[in-house]
file run01.cif (mmCIF, C-alpha atoms)
data_entry
#
loop_
_atom_site.label_atom_id
_atom_site.label_comp_id
_atom_site.auth_asym_id
_atom_site.auth_seq_id
_atom_site.Cartn_x
_atom_site.Cartn_y
_atom_site.Cartn_z
CA MET A 972 -3.60 -16.70 18.41
CA ASN A 973 -3.85 -20.34 19.50
CA LEU A 974 -1.53 -23.23 18.67
CA LYS A 975 -3.69 -24.49 15.78
CA GLN A 976 -3.69 -21.04 14.17
CA LEU A 977 0.08 -20.76 14.53
CA MET A 978 0.55 -24.18 12.97
CA ALA A 979 -1.77 -23.30 10.09
CA ARG A 980 0.15 -20.09 9.41
CA ALA A 981 3.45 -21.94 9.53
CA LEU A 982 2.18 -24.51 7.05
CA ILE A 983 0.98 -21.79 4.68
CA ALA A 984 4.31 -19.97 4.89
CA SER A 985 6.16 -23.22 4.23
CA ALA A 986 3.94 -24.04 1.27
CA MET A 987 4.36 -20.59 -0.25
CA LEU A 988 8.13 -20.82 0.16
CA SER A 989 8.24 -24.20 -1.56
CA PHE A 990 6.16 -22.92 -4.45
CA GLY A 991 8.46 -19.90 -4.75
CA VAL A 992 11.48 -22.19 -4.92
CA GLN A 993 9.83 -24.18 -7.70
CA ALA A 994 9.36 -20.84 -9.52
CA ALA A 995 7.42 -21.13 -12.76
CA GLU A 996 8.42 -24.64 -13.82
CA GLY A 997 5.98 -25.81 -16.48
CA ALA A 998 4.72 -22.35 -17.38
CA ASP A 999 5.14 -20.77 -20.80
CA LYS A 1000 6.35 -17.41 -19.50
CA ALA A 1001 6.48 -15.81 -22.96
CA ALA A 1002 2.92 -16.87 -23.76
CA ILE A 1003 1.60 -15.57 -20.43
CA ALA A 1004 3.45 -12.27 -20.87
CA ASP A 1005 2.14 -11.92 -24.42
CA VAL A 1006 -1.47 -12.37 -23.31
CA LEU A 1007 -1.23 -9.96 -20.39
CA THR A 1008 0.50 -7.30 -22.49
CA LYS A 1009 -2.75 -7.01 -24.45
CA TYR A 1010 -4.33 -5.84 -21.19
CA ARG A 1011 -1.49 -3.38 -20.48
CA LEU A 1012 -0.12 -5.64 -17.77
CA ASN A 1013 3.65 -6.08 -17.71
CA VAL A 1014 4.87 -9.26 -16.02
CA GLU A 1015 7.32 -8.83 -13.14
CA SER A 1016 7.46 -12.42 -11.88
CA ILE A 1017 5.79 -15.79 -12.36
CA GLU A 1018 5.66 -18.51 -9.73
CA LYS A 1019 3.55 -21.60 -9.10
CA ALA A 1020 0.43 -20.82 -7.10
CA PRO A 1021 -0.62 -23.18 -4.30
CA VAL A 1022 -3.46 -24.41 -6.55
CA GLU A 1023 -2.84 -27.16 -9.07
CA GLY A 1024 -2.52 -25.79 -12.61
CA LEU A 1025 -2.37 -22.10 -11.61
CA TYR A 1026 0.55 -19.69 -11.65
CA GLU A 1027 0.83 -16.52 -9.61
CA VAL A 1028 1.77 -13.67 -11.94
CA VAL A 1029 2.88 -10.37 -10.40
CA THR A 1030 2.33 -7.47 -12.79
CA ASN A 1031 2.53 -3.70 -12.74
CA GLY A 1032 -1.24 -3.73 -12.28
CA GLY A 1033 -1.38 -6.22 -9.43
CA VAL A 1034 -1.47 -9.99 -9.00
CA VAL A 1035 -3.24 -12.28 -11.48
CA TYR A 1036 -3.51 -16.06 -11.70
CA ALA A 1037 -3.05 -17.85 -15.03
CA ASN A 1038 -2.88 -21.33 -16.45
CA LYS A 1039 0.39 -22.50 -17.99
CA ASP A 1040 0.02 -20.61 -21.30
CA GLY A 1041 -2.13 -17.65 -20.22
CA SER A 1042 -5.14 -18.76 -22.26
CA TYR A 1043 -7.09 -18.45 -19.01
CA PHE A 1044 -6.39 -15.99 -16.25
CA ILE A 1045 -8.14 -14.64 -13.17
CA TYR A 1046 -7.84 -11.08 -11.89
CA GLY A 1047 -8.95 -11.34 -8.27
CA GLN A 1048 -8.18 -12.45 -4.74
CA LEU A 1049 -6.99 -15.94 -3.85
CA PHE A 1050 -7.82 -17.14 -0.35
CA HIS A 1051 -6.67 -20.20 1.55
CA THR A 1052 -9.12 -21.40 4.19
CA THR A 1053 -8.21 -23.45 7.23
CA PRO A 1054 -10.42 -24.72 10.06
CA THR A 1055 -9.58 -21.57 12.03
CA GLU A 1056 -9.08 -18.71 9.57
CA SER A 1057 -9.08 -17.41 6.02
CA ILE A 1058 -5.76 -16.19 4.58
CA ASN A 1059 -5.67 -13.77 1.65
CA LEU A 1060 -2.68 -15.01 -0.36
CA THR A 1061 -3.06 -12.24 -2.95
CA GLU A 1062 -2.81 -9.59 -0.26
CA ILE A 1063 0.36 -11.20 1.09
CA THR A 1064 2.00 -11.18 -2.35
CA GLN A 1065 0.89 -7.60 -3.06
CA ALA A 1066 2.19 -6.43 0.33
CA LYS A 1067 5.64 -7.90 -0.42
CA ARG A 1068 5.63 -6.08 -3.77
CA ASN A 1069 4.55 -2.81 -2.13
CA LYS A 1070 7.32 -3.00 0.46
CA LYS A 1071 9.90 -3.71 -2.25
CA LEU A 1072 8.65 -0.78 -4.35
CA PHE A 1073 8.72 1.55 -1.34
CA ASP A 1074 12.20 0.48 -0.22
CA GLU A 1075 13.59 0.90 -3.74
CA ALA A 1076 11.94 4.30 -4.29
CA GLY A 1077 14.13 6.02 -1.70
CA VAL A 1078 11.40 8.45 -0.60
CA GLU A 1079 11.78 8.13 3.18
CA LYS A 1080 13.51 11.51 3.50
CA GLU A 1081 10.65 13.12 1.57
CA LEU A 1082 7.88 12.06 3.96
CA ILE A 1083 6.11 14.52 6.25
CA VAL A 1084 6.29 12.88 9.65
CA TYR A 1085 4.05 13.19 12.72
CA PRO A 1086 5.97 11.10 15.27
CA ALA A 1087 4.47 9.33 18.24
CA LYS A 1088 6.33 10.08 21.47
CA ASP A 1089 6.13 6.42 22.50
CA GLU A 1090 6.40 4.96 19.00
CA LYS A 1091 5.19 1.38 18.57
CA TYR A 1092 4.12 1.44 14.92
CA VAL A 1093 4.85 3.44 11.76
CA VAL A 1094 2.37 3.77 8.89
CA ASN A 1095 2.72 5.61 5.60
CA VAL A 1096 -0.36 7.46 4.39
CA TYR A 1097 -1.05 8.68 0.86
CA THR A 1098 -2.88 11.95 1.38
CA ASP A 1099 -4.60 14.76 -0.52
CA THR A 1100 -5.35 18.23 0.87
CA THR A 1101 -8.81 18.28 -0.79
CA CYS A 1102 -9.90 14.91 0.62
CA GLY A 1103 -12.52 15.08 3.38
CA TYR A 1104 -11.49 11.85 5.09
CA CYS A 1105 -7.82 12.90 4.87
CA MET A 1106 -8.76 16.02 6.81
CA LYS A 1107 -10.63 13.92 9.36
CA LEU A 1108 -7.63 11.65 9.82
CA HIS A 1109 -5.40 14.69 10.23
CA ARG A 1110 -7.68 16.29 12.84
CA GLU A 1111 -7.31 13.09 14.86
CA MET A 1112 -3.51 12.99 14.54
CA GLN A 1113 -3.00 13.29 18.28
CA GLU A 1114 -5.16 10.21 18.86
CA TYR A 1115 -2.95 8.14 16.56
CA ASN A 1116 0.20 9.48 18.16
CA ASP A 1117 -1.13 8.87 21.69
CA LEU A 1118 -1.63 5.21 20.76
CA GLY A 1119 2.01 4.95 19.65
CA ILE A 1120 1.32 5.26 15.90
CA THR A 1121 3.63 7.48 13.87
CA ILE A 1122 2.01 8.84 10.70
CA ARG A 1123 4.15 9.62 7.64
CA TYR A 1124 2.58 11.35 4.64
CA LEU A 1125 3.18 10.88 0.94
CA ALA A 1126 1.50 13.13 -1.62
CA PHE A 1127 -1.28 11.74 -3.78
CA PRO A 1128 -3.49 14.36 -5.49
CA ARG A 1129 -6.52 12.24 -6.40
CA SER A 1130 -7.10 13.58 -9.91
CA GLY A 1131 -3.52 13.09 -11.03
CA GLU A 1132 -2.01 15.71 -13.28
CA ARG A 1133 -5.40 17.41 -13.52
CA SER A 1134 -5.58 17.95 -9.76
CA PRO A 1135 -6.09 21.66 -8.99
CA ASN A 1136 -4.07 21.38 -5.77
CA ILE A 1137 -0.80 20.07 -7.18
CA GLY A 1138 0.73 23.54 -6.80
CA GLN A 1139 -0.47 23.71 -3.21
CA MET A 1140 0.92 20.29 -2.35
CA SER A 1141 4.17 21.22 -4.06
CA ALA A 1142 4.35 24.30 -1.80
CA ILE A 1143 3.73 22.15 1.28
CA TRP A 1144 6.59 19.79 0.41
CA CYS A 1145 8.80 22.80 -0.40
CA ALA A 1146 8.05 24.55 2.90
CA ASP A 1147 10.72 24.88 5.59
CA ASP A 1148 8.23 23.58 8.16
CA LYS A 1149 6.38 20.96 6.14
CA ALA A 1150 4.33 19.62 9.05
CA ASN A 1151 3.01 23.09 9.89
CA ALA A 1152 2.25 23.79 6.22
CA MET A 1153 0.28 20.54 6.09
CA ASN A 1154 -1.54 21.49 9.30
CA LEU A 1155 -2.59 24.77 7.73
CA ALA A 1156 -3.62 23.12 4.47
CA LYS A 1157 -5.74 20.49 6.20
CA ALA A 1158 -7.45 23.35 8.06
CA ARG A 1159 -7.93 25.17 4.71
CA ASN A 1160 -5.65 28.00 5.79
CA PHE A 1161 -2.81 27.49 3.32
CA ASP A 1162 -3.08 29.09 -0.12
CA GLU A 1163 0.53 29.06 -1.29
CA GLU A 1164 1.47 27.43 -4.61
CA THR A 1165 4.71 26.61 -6.36
CA LYS A 1166 6.03 24.38 -9.12
CA GLU A 1167 9.38 23.79 -7.45
CA CYS A 1168 8.46 20.45 -5.83
CA THR A 1169 6.08 19.10 -8.47
CA ASP A 1170 8.63 16.46 -9.48
CA LEU A 1171 8.53 15.14 -5.92
CA ILE A 1172 4.72 15.12 -5.96
CA ARG A 1173 4.72 13.24 -9.26
CA ARG A 1174 7.20 10.73 -7.85
CA HIS A 1175 4.89 10.01 -4.90
CA MET A 1176 1.91 9.75 -7.23
CA ALA A 1177 3.73 7.29 -9.48
CA LEU A 1178 4.76 5.17 -6.50
CA GLY A 1179 1.21 5.12 -5.16
CA SER A 1180 -0.22 4.19 -8.55
CA ALA A 1181 2.30 1.34 -8.83
CA MET A 1182 1.00 0.06 -5.50
CA GLY A 1183 -2.59 0.20 -6.67
CA VAL A 1184 -3.62 3.36 -4.81
CA THR A 1185 -6.71 4.91 -6.42
CA GLY A 1186 -7.99 7.13 -3.63
CA THR A 1187 -7.07 8.76 -0.34
CA PRO A 1188 -6.37 8.23 2.42
CA ALA A 1189 -4.53 5.00 1.64
CA ILE A 1190 -2.65 3.57 4.61
CA MET A 1191 0.39 1.37 4.03
CA LEU A 1192 1.60 -0.74 6.94
CA GLU A 1193 5.26 -1.52 7.52
CA ASP A 1194 4.98 -4.91 5.81
CA GLY A 1195 3.48 -3.29 2.70
CA THR A 1196 -0.16 -4.17 3.39
CA MET A 1197 -2.41 -1.46 1.95
CA LEU A 1198 -5.57 -0.34 3.74
CA SER A 1199 -7.93 1.71 1.58
CA GLY A 1200 -9.75 4.55 3.29
CA TYR A 1201 -9.91 6.18 6.70
CA LEU A 1202 -9.61 4.14 9.90
CA PRO A 1203 -10.13 5.65 13.37
CA ALA A 1204 -7.09 5.37 15.60
CA PRO A 1205 -8.43 2.53 17.81
CA GLN A 1206 -9.37 0.43 14.75
CA LEU A 1207 -6.00 1.02 13.11
CA LEU A 1208 -4.29 0.01 16.35
CA GLN A 1209 -6.33 -3.20 16.36
CA VAL A 1210 -5.23 -4.01 12.79
CA LEU A 1211 -1.59 -3.35 13.69
CA LYS A 1212 -1.80 -5.58 16.78
CA GLN A 1213 -3.38 -8.38 14.73
CA LYS A 1214 -0.43 -8.17 12.32
CA GLU A 1215 1.89 -8.92 15.24
CA SER A 1216 -0.05 -11.99 16.40
#
call {"tool": "encode", "arguments": {"input": "run01.cif", "output": "C-alpha cells"}}
result
Amino acid sequence: MNLKQLMARALIASAMLSFGVQAAEGADKAAIADVLTKYRLNVESIEKAPVEGLYEVVTNGGVVYANKDGSYFIYGQLFHTTPTESINLTEITQAKRNKKLFDEAGVEKELIVYPAKDEKYVVNVYTDTTCGYCMKLHREMQEYNDLGITIRYLAFPRSGERSPNIGQMSAIWCADDKANAMNLAKARNFDEETKECTDLIRRHMALGSAMGVTGTPAIMLEDGTMLSGYLPAPQLLQVLKQKES
C-alpha cells in the first residue's frame, strides 16, 4: 500500500471516529426505533454517518442508514471512494459488531480447531456436515494449515431446527475426539447422533444468525469481517494479507 492509500485510510478512520464521538446528535432515536421495529429490526446503536443528513443505525438484522426521524431509510452498503480505492464502510461497521458478538458469546472453548503448525492467521468457519463446499474446504485443510492458517469450526446446520443432521452435529461436538469425528463426518463415515449437545449447536446457530450468516461455509476473520462461501487456501491467504496492509 502506497503513501496516498495510507493517508486516505487514516483520514477515513479519523472521520469515522469523529462521527462516532458526535453520536446521534440531531436524530430522533425513538422515531427511528419505532419505524424499524415494524420491520422486525431492533436498534442497537445510532451514530452520524459520514454523509450529511444520514445516520448509521446498527440493528439485530444488520446496518441501515436513516434520516433523522426514520421516515426514510436505506438497507444496503455504503461505500467511500477515494482516488486510489473504494472502502466499504458498512462492512467495517458490521465486522466490529461481529467481533463484539463473538467475544461476548464465550464460545472459543467450544470450537473444533485444526491448528497450523506455523500459525500466522486464525479464521472461524461456520460449517455444516451436509454442505458440499464445506466438505471441499475440509478436504483441503492441510493446504490452509500449510499456509499458516488455523481453521476453527462453529456449527451451523443450514436448515435451522429442521436440519436433519442436528443430531449428528451434536454427536460430533459431544465426541471425545471432536476433530476426528468431524473428519469422519465430512467423509460421510460418521452416523452417530445424540441430543446431548444440541444446546451448544443452537447457541452457535443463534450467534451465526446474529452475524448475518445464511449459508455455509461462512468464514469470519479475526477482525469480524465475514466472507460468504468457500475460498481456496491461496485466495484466503491473499485476503488475510490484504487485511494487514
call {"tool": "resolve_selection", "arguments": {"input": "run01.cif", "expression": "the PyMOL selection byres ((chain A and resi 1030) around 12)", "output": "PyMOL selection string"}}
result
chain A and resi 1003-1004+1007-1008+1010-1018+1027-1029+1031-1037+1046+1064-1065+1068-1069+1181-1183
call {"tool": "residues_around", "arguments": {"input": "run01.cif", "residues": "Thr1061 of chain A", "least_positions_apart": "2", "cutoff": "6 Å", "atoms": "all atoms listed in the file", "output": "PyMOL selection string"}}
result
chain A and resi 1048-1049+1059+1063-1064
call {"tool": "write_last_selection", "arguments": {"input": "run01.cif", "atoms": "C-alpha atoms", "output": "CSV table (one decimal), keeping the file's coordinate frame"}}
result
chain,number,residue,atom,x,y,z
A,1048,GLN,CA,-8.2,-12.4,-4.7
A,1049,LEU,CA,-7.0,-15.9,-3.8
A,1059,ASN,CA,-5.7,-13.8,1.6
A,1063,ILE,CA,0.4,-11.2,1.1
A,1064,THR,CA,2.0,-11.2,-2.4
call {"tool": "resolve_selection", "arguments": {"input": "run01.cif", "expression": "the PyMOL selection byres ((chain A and resi 1100) around 7)", "output": "MDAnalysis selection string"}}
result
chainID A and resid 1098:1099 1101:1102 1156:1157
call {"tool": "atom_distance", "arguments": {"input": "run01.cif", "atom1": "atom CA of Ala1142 of chain A", "atom2": "atom CA of Gly1179 of chain A"}}
result
19.7 Å
call {"tool": "atom_distance", "arguments": {"input": "run01.cif", "atom1": "atom CA of Asn1154 of chain A", "atom2": "atom CA of Met1112 of chain A"}}
result
10.2 Å
call {"tool": "resolve_selection", "arguments": {"input": "run01.cif", "expression": "the PyMOL selection byres ((chain A and resi 1104) around 8)", "output": "VMD selection string"}}
result
chain A and resid 1102 to 1103 1105 to 1108 1187 to 1188 1200 to 1201
call {"tool": "atom_distance", "arguments": {"input": "run01.cif", "atom1": "atom CA of Pro1086 of chain A", "atom2": "atom CA of Lys1214 of chain A"}}
result
20.5 Å
call {"tool": "residues_around", "arguments": {"input": "run01.cif", "residues": "Ala1152 of chain A", "least_positions_apart": "6", "cutoff": "7 Å", "atoms": "all atoms listed in the file", "output": "VMD selection string"}}
result
chain A and resid 1143 1146 1161
call {"tool": "closest_residue", "arguments": {"input": "run01.cif", "among": "A:Pro1205, A:Gly1024, A:Pro1128, A:Gly1119", "to": "Gly1041 of chain A", "atoms": "only C-alpha atoms"}}
result
A:Gly1024
call {"tool": "decode", "arguments": {"input": "run01.cif", "residues": "segment 1077-1106 of chain A", "atoms": "N, CA and C atoms", "output": "PDB file, in the first residue's frame"}}
result
ATOM      1  N   GLY A1077     -18.552 -16.085  24.271  1.00  0.00           N
ATOM      2  CA  GLY A1077     -17.781 -17.037  25.074  1.00  0.00           C
ATOM      3  C   GLY A1077     -17.763 -18.452  24.511  1.00  0.00           C
ATOM      4  N   VAL A1078     -17.647 -18.579  23.183  1.00  0.00           N
ATOM      5  CA  VAL A1078     -17.713 -19.901  22.556  1.00  0.00           C
ATOM      6  C   VAL A1078     -16.343 -20.457  22.170  1.00  0.00           C
ATOM      7  N   GLU A1079     -15.274 -19.737  22.472  1.00  0.00           N
ATOM      8  CA  GLU A1079     -13.950 -20.156  21.997  1.00  0.00           C
ATOM      9  C   GLU A1079     -13.584 -21.580  22.413  1.00  0.00           C
ATOM     10  N   LYS A1080     -13.978 -21.973  23.627  1.00  0.00           N
ATOM     11  CA  LYS A1080     -13.647 -23.319  24.096  1.00  0.00           C
ATOM     12  C   LYS A1080     -14.500 -24.390  23.422  1.00  0.00           C
ATOM     13  N   GLU A1081     -15.518 -23.968  22.686  1.00  0.00           N
ATOM     14  CA  GLU A1081     -16.418 -24.918  22.030  1.00  0.00           C
ATOM     15  C   GLU A1081     -16.045 -25.157  20.562  1.00  0.00           C
ATOM     16  N   LEU A1082     -15.038 -24.465  20.064  1.00  0.00           N
ATOM     17  CA  LEU A1082     -14.682 -24.573  18.659  1.00  0.00           C
ATOM     18  C   LEU A1082     -13.862 -25.837  18.397  1.00  0.00           C
ATOM     19  N   ILE A1083     -14.055 -26.412  17.215  1.00  0.00           N
ATOM     20  CA  ILE A1083     -13.240 -27.553  16.788  1.00  0.00           C
ATOM     21  C   ILE A1083     -12.092 -26.986  15.970  1.00  0.00           C
ATOM     22  N   VAL A1084     -10.882 -27.192  16.461  1.00  0.00           N
ATOM     23  CA  VAL A1084      -9.722 -26.467  15.938  1.00  0.00           C
ATOM     24  C   VAL A1084      -8.809 -27.383  15.133  1.00  0.00           C
ATOM     25  N   TYR A1085      -8.389 -26.873  13.964  1.00  0.00           N
ATOM     26  CA  TYR A1085      -7.378 -27.524  13.124  1.00  0.00           C
ATOM     27  C   TYR A1085      -6.208 -26.545  13.028  1.00  0.00           C
ATOM     28  N   PRO A1086      -5.236 -26.684  13.934  1.00  0.00           N
ATOM     29  CA  PRO A1086      -4.183 -25.665  14.067  1.00  0.00           C
ATOM     30  C   PRO A1086      -3.100 -25.776  12.992  1.00  0.00           C
ATOM     31  N   ALA A1087      -2.637 -24.632  12.556  1.00  0.00           N
ATOM     32  CA  ALA A1087      -1.476 -24.575  11.677  1.00  0.00           C
ATOM     33  C   ALA A1087      -0.218 -24.681  12.533  1.00  0.00           C
ATOM     34  N   LYS A1088       0.750 -25.446  12.071  1.00  0.00           N
ATOM     35  CA  LYS A1088       1.992 -25.614  12.835  1.00  0.00           C
ATOM     36  C   LYS A1088       2.706 -24.279  12.959  1.00  0.00           C
ATOM     37  N   ASP A1089       2.780 -23.541  11.863  1.00  0.00           N
ATOM     38  CA  ASP A1089       3.398 -22.219  11.862  1.00  0.00           C
ATOM     39  C   ASP A1089       2.276 -21.192  11.702  1.00  0.00           C
ATOM     40  N   GLU A1090       1.512 -21.003  12.788  1.00  0.00           N
ATOM     41  CA  GLU A1090       0.294 -20.191  12.708  1.00  0.00           C
ATOM     42  C   GLU A1090       0.588 -18.715  12.474  1.00  0.00           C
ATOM     43  N   LYS A1091      -0.044 -18.178  11.406  1.00  0.00           N
ATOM     44  CA  LYS A1091       0.039 -16.748  11.108  1.00  0.00           C
ATOM     45  C   LYS A1091      -1.332 -16.091  11.207  1.00  0.00           C
ATOM     46  N   TYR A1092      -2.382 -16.878  10.936  1.00  0.00           N
ATOM     47  CA  TYR A1092      -3.743 -16.348  10.936  1.00  0.00           C
ATOM     48  C   TYR A1092      -4.682 -17.375  11.553  1.00  0.00           C
ATOM     49  N   VAL A1093      -5.787 -16.856  12.119  1.00  0.00           N
ATOM     50  CA  VAL A1093      -6.846 -17.714  12.661  1.00  0.00           C
ATOM     51  C   VAL A1093      -8.169 -17.258  12.053  1.00  0.00           C
ATOM     52  N   VAL A1094      -8.934 -18.201  11.506  1.00  0.00           N
ATOM     53  CA  VAL A1094     -10.263 -17.865  10.988  1.00  0.00           C
ATOM     54  C   VAL A1094     -11.283 -18.810  11.607  1.00  0.00           C
ATOM     55  N   ASN A1095     -12.468 -18.295  11.834  1.00  0.00           N
ATOM     56  CA  ASN A1095     -13.576 -19.095  12.355  1.00  0.00           C
ATOM     57  C   ASN A1095     -14.527 -19.394  11.205  1.00  0.00           C
ATOM     58  N   VAL A1096     -14.925 -20.645  11.079  1.00  0.00           N
ATOM     59  CA  VAL A1096     -15.746 -21.067   9.947  1.00  0.00           C
ATOM     60  C   VAL A1096     -17.037 -21.710  10.435  1.00  0.00           C
ATOM     61  N   TYR A1097     -18.169 -21.137  10.044  1.00  0.00           N
ATOM     62  CA  TYR A1097     -19.456 -21.780  10.286  1.00  0.00           C
ATOM     63  C   TYR A1097     -19.607 -22.906   9.270  1.00  0.00           C
ATOM     64  N   THR A1098     -19.849 -24.115   9.773  1.00  0.00           N
ATOM     65  CA  THR A1098     -19.835 -25.270   8.884  1.00  0.00           C
ATOM     66  C   THR A1098     -21.048 -26.164   9.095  1.00  0.00           C
ATOM     67  N   ASP A1099     -21.327 -26.983   8.073  1.00  0.00           N
ATOM     68  CA  ASP A1099     -22.449 -27.924   8.089  1.00  0.00           C
ATOM     69  C   ASP A1099     -21.952 -29.217   7.457  1.00  0.00           C
ATOM     70  N   THR A1100     -22.253 -30.351   8.069  1.00  0.00           N
ATOM     71  CA  THR A1100     -21.745 -31.629   7.563  1.00  0.00           C
ATOM     72  C   THR A1100     -22.445 -32.086   6.288  1.00  0.00           C
ATOM     73  N   THR A1101     -23.525 -31.424   5.878  1.00  0.00           N
ATOM     74  CA  THR A1101     -24.212 -31.805   4.634  1.00  0.00           C
ATOM     75  C   THR A1101     -23.903 -30.838   3.495  1.00  0.00           C
ATOM     76  N   CYS A1102     -23.010 -29.904   3.726  1.00  0.00           N
ATOM     77  CA  CYS A1102     -22.693 -28.849   2.751  1.00  0.00           C
ATOM     78  C   CYS A1102     -21.522 -29.277   1.879  1.00  0.00           C
ATOM     79  N   GLY A1103     -21.752 -29.299   0.553  1.00  0.00           N
ATOM     80  CA  GLY A1103     -20.721 -29.756  -0.375  1.00  0.00           C
ATOM     81  C   GLY A1103     -19.452 -28.926  -0.330  1.00  0.00           C
ATOM     82  N   TYR A1104     -19.598 -27.590  -0.303  1.00  0.00           N
ATOM     83  CA  TYR A1104     -18.411 -26.744  -0.265  1.00  0.00           C
ATOM     84  C   TYR A1104     -17.719 -26.794   1.096  1.00  0.00           C
ATOM     85  N   CYS A1105     -18.469 -27.124   2.161  1.00  0.00           N
ATOM     86  CA  CYS A1105     -17.845 -27.329   3.476  1.00  0.00           C
ATOM     87  C   CYS A1105     -16.945 -28.562   3.428  1.00  0.00           C
ATOM     88  N   MET A1106     -17.420 -29.597   2.733  1.00  0.00           N
ATOM     89  CA  MET A1106     -16.615 -30.807   2.588  1.00  0.00           C
ATOM     90  C   MET A1106     -15.363 -30.527   1.766  1.00  0.00           C
TER      91      MET A1106
END
